[in-house]
$ cat my_file_14.cif   # mmCIF, C-alpha atoms
data_protein
loop_
_atom_site.label_atom_id
_atom_site.label_comp_id
_atom_site.auth_asym_id
_atom_site.auth_seq_id
_atom_site.Cartn_x
_atom_site.Cartn_y
_atom_site.Cartn_z
CA MET A 1 0.00 0.00 0.00
CA ASN A 2 1.32 3.38 -0.95
CA THR A 3 1.30 5.60 2.13
CA THR A 4 3.86 8.15 1.02
CA ASP A 5 2.84 11.67 1.96
CA VAL A 6 2.83 14.05 -0.96
CA SER A 7 2.86 17.81 -0.75
CA SER A 8 -0.12 19.54 -2.28
CA GLY A 9 -0.15 22.58 -4.51
CA SER A 10 0.30 26.14 -3.37
CA ALA A 11 -2.05 28.08 -5.66
CA PRO A 12 -4.94 29.91 -3.96
CA VAL A 13 -8.49 28.69 -4.46
CA SER A 14 -10.02 30.65 -7.32
CA ARG A 15 -13.54 31.16 -8.58
CA ALA A 16 -12.74 29.56 -11.95
CA GLY A 17 -11.28 26.49 -10.23
CA LEU A 18 -14.31 26.15 -7.98
CA LEU A 19 -16.60 26.34 -11.00
CA ARG A 20 -14.72 23.55 -12.78
CA VAL A 21 -14.75 21.26 -9.74
CA GLY A 22 -18.34 22.25 -8.99
CA LEU A 23 -19.46 20.84 -12.35
CA HIS A 24 -17.94 17.47 -11.43
CA LEU A 25 -19.59 17.53 -8.02
CA LEU A 26 -22.95 18.40 -9.55
CA LEU A 27 -22.72 15.48 -11.95
CA ALA A 28 -21.65 13.20 -9.08
CA ALA A 29 -24.66 14.17 -6.96
CA LEU A 30 -27.35 14.08 -9.66
CA PRO A 31 -27.79 10.26 -9.92
CA LEU A 32 -28.57 9.89 -6.21
CA LEU A 33 -30.70 13.05 -6.13
CA ALA A 34 -32.63 11.79 -9.16
CA ILE A 35 -33.66 8.67 -7.22
CA SER A 36 -34.89 10.71 -4.26
CA ALA A 37 -36.71 13.15 -6.56
CA HIS A 38 -38.44 10.27 -8.34
CA VAL A 39 -39.51 8.60 -5.10
CA PHE A 40 -40.84 11.88 -3.70
CA GLY A 41 -42.71 12.51 -6.96
CA LEU A 42 -40.85 15.72 -7.89
CA ILE A 43 -39.53 14.63 -11.31
CA THR A 44 -39.32 11.20 -12.91
CA MET A 45 -35.95 9.63 -13.50
CA ASN A 46 -36.78 9.37 -17.18
CA TRP A 47 -36.90 13.18 -17.42
CA SER A 48 -34.01 13.90 -15.07
CA ALA A 49 -31.76 11.42 -16.88
CA ALA A 50 -32.67 12.74 -20.33
CA LEU A 51 -32.58 16.46 -19.49
CA LEU A 52 -29.92 16.72 -16.78
CA VAL A 53 -27.66 13.73 -16.22
CA VAL A 54 -26.87 12.62 -19.78
CA PRO A 55 -26.29 16.15 -21.26
CA LEU A 56 -24.15 17.26 -18.30
CA ALA A 57 -22.12 14.04 -18.36
CA THR A 58 -21.49 14.44 -22.11
CA ALA A 59 -20.37 18.06 -21.68
CA ILE A 60 -18.01 17.24 -18.80
CA VAL A 61 -16.46 14.30 -20.64
CA ALA A 62 -15.82 16.50 -23.68
CA LEU A 63 -14.40 19.26 -21.49
CA THR A 64 -12.12 16.81 -19.70
CA VAL A 65 -10.83 15.33 -22.96
CA PHE A 66 -10.20 18.57 -24.86
CA ALA A 67 -9.34 20.93 -21.98
CA PRO A 68 -8.11 18.83 -19.06
CA HIS A 69 -7.16 20.22 -15.68
CA PRO A 70 -4.66 18.57 -13.31
CA GLU A 71 -7.24 18.15 -10.52
CA GLU A 72 -9.28 15.88 -12.78
CA ARG A 73 -6.75 13.10 -12.19
CA VAL A 74 -7.85 13.07 -8.54
CA ILE A 75 -11.49 13.06 -9.69
CA LEU A 76 -10.81 10.12 -12.00
CA HIS A 77 -9.29 8.14 -9.14
CA GLY A 78 -12.38 8.83 -7.05
CA PHE A 79 -14.65 7.72 -9.89
CA VAL A 80 -12.80 4.42 -10.36
CA TRP A 81 -12.54 3.58 -6.67
CA GLY A 82 -16.20 4.43 -6.15
CA MET A 83 -17.15 1.82 -8.73
CA VAL A 84 -14.78 -0.73 -7.17
CA ALA A 85 -16.30 -0.13 -3.73
CA CYS A 86 -19.81 -0.47 -5.18
CA ALA A 87 -18.89 -3.79 -6.81
CA LEU A 88 -17.58 -5.23 -3.53
CA TYR A 89 -20.65 -3.92 -1.75
CA ASP A 90 -22.83 -5.76 -4.29
CA VAL A 91 -20.97 -9.01 -3.66
CA PHE A 92 -22.37 -8.89 -0.13
CA ARG A 93 -25.77 -7.48 -1.12
CA LEU A 94 -26.52 -9.88 -3.99
CA ASP A 95 -25.54 -12.80 -1.78
CA THR A 96 -28.19 -11.78 0.73
CA VAL A 97 -30.73 -11.08 -2.04
CA TYR A 98 -30.48 -14.05 -4.43
CA MET A 99 -28.90 -16.73 -2.25
CA LEU A 100 -30.30 -16.01 1.21
CA GLY A 101 -33.45 -14.18 0.11
CA TRP A 102 -33.41 -11.74 3.01
CA TRP A 103 -34.62 -8.79 0.92
CA ALA A 104 -35.51 -7.90 -2.65
CA ASP A 105 -33.41 -6.35 -5.39
CA PHE A 106 -34.92 -3.01 -6.42
CA ILE A 107 -32.13 -2.07 -8.92
CA PRO A 108 -33.92 -3.58 -11.98
CA THR A 109 -37.06 -1.70 -10.97
CA MET A 110 -35.05 1.51 -10.81
CA GLY A 111 -33.81 0.77 -14.33
CA THR A 112 -37.37 0.73 -15.62
CA TRP A 113 -37.89 4.19 -14.08
CA ILE A 114 -35.06 5.46 -16.31
CA ILE A 115 -36.01 3.93 -19.66
CA GLY A 116 -39.76 4.34 -19.14
CA ASP A 117 -42.78 2.30 -18.25
CA GLY A 118 -43.31 -0.97 -20.07
CA ALA A 119 -39.63 -1.89 -20.23
CA SER A 120 -38.65 -5.50 -19.58
CA HIS A 121 -37.07 -6.63 -16.35
CA THR A 122 -33.85 -7.60 -18.15
CA ALA A 123 -33.47 -4.19 -19.80
CA GLY A 124 -34.24 -2.55 -16.49
CA ALA A 125 -31.51 -4.62 -14.81
CA TRP A 126 -28.89 -3.56 -17.38
CA VAL A 127 -29.80 0.10 -17.20
CA GLY A 128 -30.28 0.06 -13.45
CA TYR A 129 -26.88 -1.48 -12.64
CA LEU A 130 -25.18 0.79 -15.16
CA TRP A 131 -26.73 3.74 -13.36
CA ARG A 132 -25.74 2.27 -9.99
CA TYR A 133 -22.07 1.77 -10.84
CA LEU A 134 -21.38 4.81 -13.01
CA GLY A 135 -23.76 7.21 -11.30
CA ASP A 136 -24.18 6.17 -7.68
CA GLY A 137 -20.85 4.44 -6.95
CA GLY A 138 -18.67 6.66 -9.14
CA GLY A 139 -20.45 9.81 -7.99
CA ILE A 140 -19.97 9.02 -4.30
CA GLY A 141 -16.29 8.27 -4.92
CA VAL A 142 -15.77 11.58 -6.75
CA THR A 143 -17.48 13.50 -3.96
CA PHE A 144 -15.33 11.93 -1.24
CA PHE A 145 -12.04 12.30 -3.12
CA VAL A 146 -12.70 15.95 -3.91
CA GLY A 147 -13.71 16.71 -0.32
CA ALA A 148 -10.66 14.87 1.01
CA ALA A 149 -8.38 16.82 -1.34
CA PHE A 150 -9.85 20.14 -0.22
CA LEU A 151 -9.44 19.18 3.45
CA GLY A 152 -5.94 17.73 3.01
CA LEU A 153 -6.74 14.20 4.20
CA HIS A 154 -3.79 12.82 2.24
CA ARG A 155 -1.57 14.23 5.01
CA ARG A 156 -3.40 12.23 7.66
CA PRO A 157 -2.55 8.69 8.82
CA PRO A 158 -4.28 5.86 6.90
CA LYS A 159 -6.52 4.99 9.85
CA GLN A 160 -7.95 8.49 9.96
CA VAL A 161 -8.49 8.51 6.18
CA VAL A 162 -10.33 5.17 6.23
CA GLY A 163 -12.37 6.28 9.22
CA ALA A 164 -13.39 9.48 7.39
CA ALA A 165 -14.40 7.45 4.32
CA VAL A 166 -16.53 5.05 6.40
CA ALA A 167 -18.16 7.98 8.19
CA PHE A 168 -18.95 9.61 4.83
CA ALA A 169 -20.50 6.38 3.54
CA VAL A 170 -22.74 6.24 6.60
CA PHE A 171 -23.62 9.90 6.72
CA PRO A 172 -24.82 11.42 4.44
CA VAL A 173 -25.01 8.49 1.95
CA TRP A 174 -26.67 5.75 4.00
CA ALA A 175 -28.61 8.22 6.13
CA GLY A 176 -29.94 9.89 2.97
CA LEU A 177 -31.08 6.54 1.55
CA ILE A 178 -32.92 5.56 4.74
CA ALA A 179 -34.46 9.03 5.01
CA THR A 180 -35.76 8.79 1.43
CA VAL A 181 -37.33 5.38 2.03
CA TRP A 182 -38.78 6.46 5.34
CA LEU A 183 -40.01 9.98 4.55
CA ALA A 184 -41.34 9.48 1.02
CA PRO A 185 -45.04 8.50 0.89
CA ARG A 186 -44.33 5.54 -1.41
CA GLY A 187 -40.70 4.98 -0.45
CA GLN A 188 -41.03 1.51 1.08
CA SER A 189 -43.31 0.22 -1.64
CA MET A 190 -41.11 1.53 -4.44
CA MET A 191 -37.70 0.57 -2.97
CA PHE A 192 -37.63 -1.83 0.01
CA PRO A 193 -39.43 -2.07 3.35
CA LEU A 194 -37.69 -0.78 6.45
CA THR A 195 -37.15 -3.73 8.80
CA PRO A 196 -34.33 -4.49 11.23
CA VAL A 197 -32.91 -6.89 8.65
CA THR A 198 -32.96 -4.49 5.71
CA VAL A 199 -31.65 -1.59 7.80
CA THR A 200 -28.81 -3.72 9.16
CA LEU A 201 -27.90 -5.20 5.77
CA SER A 202 -27.91 -1.82 4.06
CA LEU A 203 -25.74 -0.38 6.85
CA ILE A 204 -23.23 -3.24 6.55
CA GLY A 205 -23.11 -2.75 2.80
CA HIS A 206 -22.33 0.97 3.17
CA LEU A 207 -19.64 0.21 5.75
CA ILE A 208 -18.00 -2.08 3.19
CA PHE A 209 -18.35 0.65 0.60
CA GLY A 210 -16.68 3.24 2.85
CA LEU A 211 -13.87 0.87 3.84
CA ILE A 212 -12.92 0.10 0.22
CA MET A 213 -13.19 3.74 -0.80
CA GLY A 214 -10.93 4.84 2.08
CA LEU A 215 -8.34 2.18 1.27
CA GLY A 216 -8.44 3.29 -2.36
CA PHE A 217 -7.78 6.88 -1.35
CA VAL A 218 -4.81 5.82 0.78
CA ARG A 219 -3.43 3.73 -2.07
CA THR A 220 -3.69 6.55 -4.61
CA ARG A 221 -2.82 9.46 -2.35
CA SER A 222 0.23 10.16 -4.55
CA ALA A 223 -2.22 11.59 -7.12
CA GLN A 224 -2.74 14.52 -4.74
CA ARG A 225 0.41 16.12 -6.19
CA PHE A 226 -1.76 17.04 -9.18
CA TRP A 227 -4.20 18.90 -6.95
CA PRO A 228 -3.42 22.58 -7.66
CA TRP A 229 -4.69 24.11 -4.40
CA ALA A 230 -3.53 24.00 -0.83
CA PRO A 231 -5.92 22.53 1.77
CA LEU A 232 -8.68 24.93 2.72
CA ARG A 233 -8.34 27.05 5.81
CA ARG A 234 -10.94 29.05 7.64
CA GLY A 235 -12.22 31.79 5.37
CA ASP A 236 -10.55 30.55 2.16
CA LEU A 237 -13.79 29.30 0.58
CA VAL A 238 -15.63 32.52 1.43
CA ALA A 239 -12.79 34.60 0.01
CA ALA A 240 -12.72 32.54 -3.18
CA LEU A 241 -16.47 32.89 -3.71
CA ALA A 242 -16.23 36.63 -3.04
CA GLY A 243 -13.45 36.97 -5.59
CA ASP A 244 -10.87 38.21 -3.08
CA ALA A 245 -8.40 35.41 -3.73
CA ALA A 246 -6.08 35.67 -6.66
CA ALA A 247 -7.52 33.87 -9.66
CA ASP A 248 -4.55 31.63 -10.17
CA SER A 249 -5.54 28.10 -11.03
CA ARG A 250 -2.32 27.14 -12.76
CA PRO A 251 -1.27 23.59 -11.91
CA VAL A 252 1.71 22.93 -9.68
CA LEU A 253 3.65 20.16 -11.44
CA PRO A 254 5.56 17.53 -9.54
CA PRO A 255 9.27 18.20 -8.93
CA ALA A 256 10.27 15.77 -11.70
CA GLU A 257 8.21 17.61 -14.32
CA ARG A 258 8.80 21.22 -13.29
CA PRO A 259 10.69 23.39 -15.82
CA PHE A 260 13.85 25.08 -14.62
CA ALA A 261 13.46 28.76 -13.84
CA GLU A 262 15.59 31.06 -15.93
CA PRO A 263 17.88 33.35 -13.89
CA PRO A 264 17.22 37.08 -14.20
CA PRO A 265 19.48 38.93 -16.63
CA ALA A 266 22.59 40.43 -15.05
CA PRO A 267 22.71 44.24 -14.88
CA PRO A 268 25.01 45.89 -17.43
CA ARG A 269 28.51 46.53 -16.11
CA GLU A 270 30.19 49.86 -16.67
CA ARG A 271 33.46 49.79 -18.53
CA VAL A 272 36.21 51.56 -16.65
CA ALA A 273 39.22 52.75 -18.58
CA PRO A 274 42.57 51.53 -17.18
CA ARG A 275 44.69 54.16 -15.50
CA HIS A 276 48.00 54.87 -17.17
CA PRO A 277 51.01 55.19 -14.86
CA SER A 278 51.71 58.65 -16.17
CA GLY A 279 48.08 59.78 -15.88
CA PRO A 280 44.84 59.39 -17.78
CA LEU A 281 45.06 59.10 -21.53
CA PRO A 282 42.95 61.39 -23.68
CA ALA A 283 40.13 59.55 -25.40
CA ALA A 284 40.21 59.71 -29.17
CA SER A 285 37.07 60.62 -31.03
CA GLY A 286 34.94 57.54 -31.82
CA ILE A 287 37.26 55.17 -29.88
CA PRO A 288 36.40 53.83 -26.41
CA ALA A 289 38.52 55.20 -23.61
CA ALA A 290 39.57 51.70 -22.56
CA SER A 291 41.37 51.09 -25.89
CA GLY A 292 43.60 54.19 -25.62
CA PRO A 293 44.92 56.31 -28.49
CA LEU A 294 46.35 54.62 -31.53
CA PRO A 295 50.14 54.77 -31.93
CA ALA A 296 51.51 57.12 -34.54
CA THR A 297 52.44 55.40 -37.79
CA THR A 298 55.84 55.85 -39.40
CA GLY A 299 56.43 57.25 -42.80
CA SER A 300 57.15 55.34 -45.93
CA GLY A 301 60.90 55.31 -45.33
CA PRO A 302 62.90 52.30 -44.19
CA LEU A 303 62.56 50.95 -40.69
CA PRO A 304 65.54 51.42 -38.36
CA ARG A 305 67.98 48.56 -38.36
CA GLN A 306 67.77 46.23 -35.41
CA ASP A 307 71.01 44.60 -34.35
CA ARG A 308 70.57 40.89 -34.22
CA PRO A 309 73.48 38.76 -33.03
CA GLY A 310 74.31 36.24 -35.70
CA PRO A 311 76.67 33.31 -35.82
CA ALA A 312 80.30 34.23 -36.19
CA HIS A 313 81.87 33.71 -39.59
CA PRO A 314 84.93 31.41 -39.69
CA SER A 315 86.96 34.08 -41.43
CA GLY A 316 85.80 36.89 -39.15
CA PRO A 317 82.97 39.37 -39.03
CA LEU A 318 81.59 40.86 -42.20
CA PRO A 319 82.07 44.57 -42.78
CA ARG A 320 79.12 46.80 -41.99
CA GLN A 321 77.30 47.80 -45.14
CA GLU A 322 76.74 51.43 -45.79
CA ARG A 323 73.17 52.47 -46.50
CA VAL A 324 73.05 55.12 -49.17
CA GLY A 325 69.48 56.17 -48.50
CA ALA A 326 65.94 55.00 -48.80
CA GLY A 327 64.01 56.02 -51.81
CA HIS A 328 60.30 56.13 -52.18
CA PRO A 329 58.59 52.77 -52.76
CA SER A 330 57.41 53.95 -56.15
CA GLY A 331 60.92 54.79 -57.32
CA PRO A 332 64.09 52.73 -57.95
CA LEU A 333 65.92 51.41 -54.93
CA PRO A 334 69.58 52.25 -54.43
CA THR A 335 72.15 49.50 -54.68
CA ALA A 336 74.13 48.73 -51.56
CA THR A 337 77.52 47.12 -52.22
CA GLY A 338 80.01 45.32 -50.05
CA SER A 339 82.96 42.97 -50.45
CA ASP A 340 83.48 39.60 -48.90
CA PRO A 341 86.99 39.40 -47.44
CA ALA A 342 86.99 35.61 -47.68
CA THR A 343 86.24 35.36 -51.39
CA GLY A 344 87.01 38.85 -52.63
CA ARG A 345 83.71 38.99 -54.46
CA THR A 346 81.43 41.99 -54.33
CA ARG A 347 78.10 41.45 -52.62
CA THR A 348 75.22 43.54 -53.83
CA ALA A 349 72.37 44.71 -51.62
CA THR A 350 69.97 44.99 -54.53
CA PRO A 351 67.31 42.30 -54.30
CA PRO A 352 67.05 40.14 -57.40
CA ALA A 353 64.18 40.78 -59.80
CA GLY A 354 62.77 43.67 -57.82
CA GLN A 355 63.48 47.38 -57.43
CA THR A 356 60.26 48.57 -55.75
CA LEU A 357 60.14 46.73 -52.43
CA ASP A 358 58.27 48.34 -49.54
CA PRO A 359 60.36 49.67 -46.64
CA GLU A 360 59.70 46.80 -44.30
CA THR A 361 60.61 44.15 -46.87
CA TRP A 362 63.69 46.13 -47.74
CA ALA A 363 64.85 46.27 -44.14
CA LEU A 364 64.26 42.54 -43.61
CA TRP A 365 66.18 41.71 -46.75
CA GLN A 366 69.08 43.90 -45.64
CA ARG A 367 69.27 42.19 -42.25
CA GLN A 368 69.18 38.77 -43.89
CA LEU A 369 71.97 39.75 -46.25
CA ALA A 370 74.13 41.03 -43.39
CA THR A 371 73.88 37.77 -41.43
CA THR A 372 74.23 35.30 -44.30
CA ILE A 373 76.84 32.59 -43.77
CA LYS A 374 78.87 31.33 -46.66
CA GLY A 375 77.53 28.11 -48.08
CA ARG A 376 73.87 28.84 -47.20
CA ARG A 377 71.08 30.12 -49.40
CA THR A 378 71.17 33.89 -49.56
CA HIS A 379 67.45 34.65 -49.88
CA ARG A 380 66.12 32.49 -47.09
CA TRP A 381 64.69 34.45 -44.20
CA ARG A 382 64.92 32.95 -40.78
#
$ encode --input "my_file_14.cif" --output "structure tokens"
Amino acid sequence: MNTTDVSSGSAPVSRAGLLRVGLHLLLAALPLLAISAHVFGLITMNWSAALLVVPLATAIVALTVFAPHPEERVILHGFVWGMVACALYDVFRLDTVYMLGWWADFIPTMGTWIIGDGASHTAGAWVGYLWRYLGDGGGIGVTFFVGAAFLGLHRRPPKQVVGAAVAFAVFPVWAGLIATVWLAPRGQSMMFPLTPVTVTLSLIGHLIFGLIMGLGFVRTRSAQRFWPWAPLRRGDLVAALAGDAAADSRPVLPPAERPFAEPPPAPPRERVAPRHPSGPLPAASGIPAASGPLPATTGSGPLPRQDRPGPAHPSGPLPRQERVGAGHPSGPLPTATGSDPATGRTRTATPPAGQTLDPETWALWQRQLATTIKGRRTHRWR
């Protein structure tokens, strides 16, 4: 048996939610009220079934299928367990009716009230027991499960839950049945006579019904996590009917099905310009202060020569080459000459197959030429 306690929802009771649950409770109460109304002569069951019960049941089924609410899972559990309790009640009742003969079975007669006078006993039995299980048993189960959810009985120990279900089956269900038979002018002739045997048997049957319904509620109490409202407190129902409570009937999903909440966006952070050791730098127009001013670019002349230590030549260091001057990139480049003391040959600083190199390429080529070792490729930059 599942006795795990489950936390209920936290949404306030709203008028829209009460209206939706109220439709289910109205449909659950109509089958029993239709019997009492027929016995008292207020309206026949043929009219009440055709004009009230069947249209309302069709509308609620369509509404549940196409626009379901989470609390309807609790209502469905109550409907199923009400029918199960009614079936086990009938095991005891039919044994005393058809095997022991202690009282008569008025359910087939009730079926003829629904389909009209002149119906056969067999047809009345089919319709009557269908009405009993779907209407009476299922309706009582829905009423108890909804009331228990509103009162928070799923938080109570199983003994208290079963005791509340048995008490509900006795009063108002059994007490209402006995009152109908006793107070109606033709109640005993239309249903069953009130004798110590019939009163005792009907009471035992309703105790069985309440016991099974309570055990079913304890077994399916985990479905209470789909109930969207917290248990009622004093004044909550009055506030909901008056419209003071917030109309928030959104379902509270179980922890495994809840979506993760997105964190709020972080506030924008101000960009602070770094402080220069010598003081703040002036911000250039159109450039953020954090990036600082752009360095000044050099002209189109050659870059200054950087002394790079190279490997020593076996015959000694090469003589420093004299730079005549840097011409414009669009004009001819001057030729730098030098002699190699090891071979006696003249080394030219003019790059092969090119007289219009840019200043940077020119400077790199000059440095490569000055550090070239004999026996290696001349035009390979390292």
$ closest_atom_pairs --input "my_file_14.cif" --of "stretch 162-239 of chain A" --to "stretch 26-41 of chain A" --cutoff "12 Å" --atoms "all atoms listed in the file" --output "JSON lines"
{"residue": "A:Pro172", "atom": "CA", "partner": "A:Leu32", "partner_atom": "CA", "distance": 11.4}
{"residue": "A:Val173", "atom": "CA", "partner": "A:Leu32", "partner_atom": "CA", "distance": 9.0}
{"residue": "A:Trp174", "atom": "CA", "partner": "A:Leu32", "partner_atom": "CA", "distance": 11.2}
{"residue": "A:Gly176", "atom": "CA", "partner": "A:Ser36", "partner_atom": "CA", "distance": 8.8}
{"residue": "A:Leu177", "atom": "CA", "partner": "A:Ser36", "partner_atom": "CA", "distance": 8.1}
{"residue": "A:Ile178", "atom": "CA", "partner": "A:Ser36", "partner_atom": "CA", "distance": 10.6}
{"residue": "A:Ala179", "atom": "CA", "partner": "A:Ser36", "partner_atom": "CA", "distance": 9.4}
{"residue": "A:Thr180", "atom": "CA", "partner": "A:Ser36", "partner_atom": "CA", "distance": 6.1}
{"residue": "A:Val181", "atom": "CA", "partner": "A:Val39", "partner_atom": "CA", "distance": 8.1}
{"residue": "A:Trp182", "atom": "CA", "partner": "A:Val39", "partner_atom": "CA", "distance": 10.7}
{"residue": "A:Leu183", "atom": "CA", "partner": "A:Phe40", "partner_atom": "CA", "distance": 8.5}
{"residue": "A:Ala184", "atom": "CA", "partner": "A:Phe40", "partner_atom": "CA", "distance": 5.3}
{"residue": "A:Pro185", "atom": "CA", "partner": "A:Phe40", "partner_atom": "CA", "distance": 7.1}
{"residue": "A:Arg186", "atom": "CA", "partner": "A:Val39", "partner_atom": "CA", "distance": 6.8}
{"residue": "A:Gly187", "atom": "CA", "partner": "A:Val39", "partner_atom": "CA", "distance": 6.0}
{"residue": "A:Gln188", "atom": "CA", "partner": "A:Val39", "partner_atom": "CA", "distance": 9.5}
{"residue": "A:Ser189", "atom": "CA", "partner": "A:Val39", "partner_atom": "CA", "distance": 9.8}
{"residue": "A:Met190", "atom": "CA", "partner": "A:Val39", "partner_atom": "CA", "distance": 7.3}
{"residue": "A:Met191", "atom": "CA", "partner": "A:Val39", "partner_atom": "CA", "distance": 8.5}
{"residue": "A:Phe192", "atom": "CA", "partner": "A:Val39", "partner_atom": "CA", "distance": 11.8}
$ resolve_selection --input "my_file_14.cif" --expression "the PyMOL selection byres ((chain A and resi 218) around 12)" --output "PyMOL selection string"
chain A and resi 1-6+77-78+81+145+148-149+153-165+211-217+219-224
$ atom_distance --input "my_file_14.cif" --atom1 "atom CA of A:Asp117" --atom2 "atom CA of A:Met45"
11.1 Å
$ closest_residue --input "my_file_14.cif" --among "A:Ser202, A:Thr361, A:Thr122, A:Ser14" --to "A:Trp102" --atoms "all atoms listed in the file"
A:Ser202
$ atom_distance --input "my_file_14.cif" --atom1 "atom CA of A:Gly82" --atom2 "atom CA of A:Ile140"
6.2 Å
$ atom_distance --input "my_file_14.cif" --atom1 "atom CA of A:Val199" --atom2 "atom CA of A:Ala125"
22.8 Å
$ closest_residue --input "my_file_14.cif" --among "A:Met83, A:Trp103, A:Leu151, A:Gly116" --to "A:Arg132" --atoms "only C-alpha atoms"
A:Met83
$ resolve_selection --input "my_file_14.cif" --expression "the PyMOL selection byres ((chain A and resi 70-75) around 9)" --output "list in words"
Val21, His24, Thr64, Pro68, His69, Leu76, His77, Gly78, Phe79, Val80, Gly141, Val142, Thr143, Phe145, Val146, Ala149, Thr220, Arg221, Ala223, Gln224, Phe226, Trp227, Pro228, Trp229, Arg250, Pro251, Val252 and Leu253 of chain A
$ closest_residue --input "my_file_14.cif" --among "A:Cys86, A:Leu23, A:Ile114, A:Ile107" --to "A:Leu63" --atoms "all atoms listed in the file"
A:Leu23
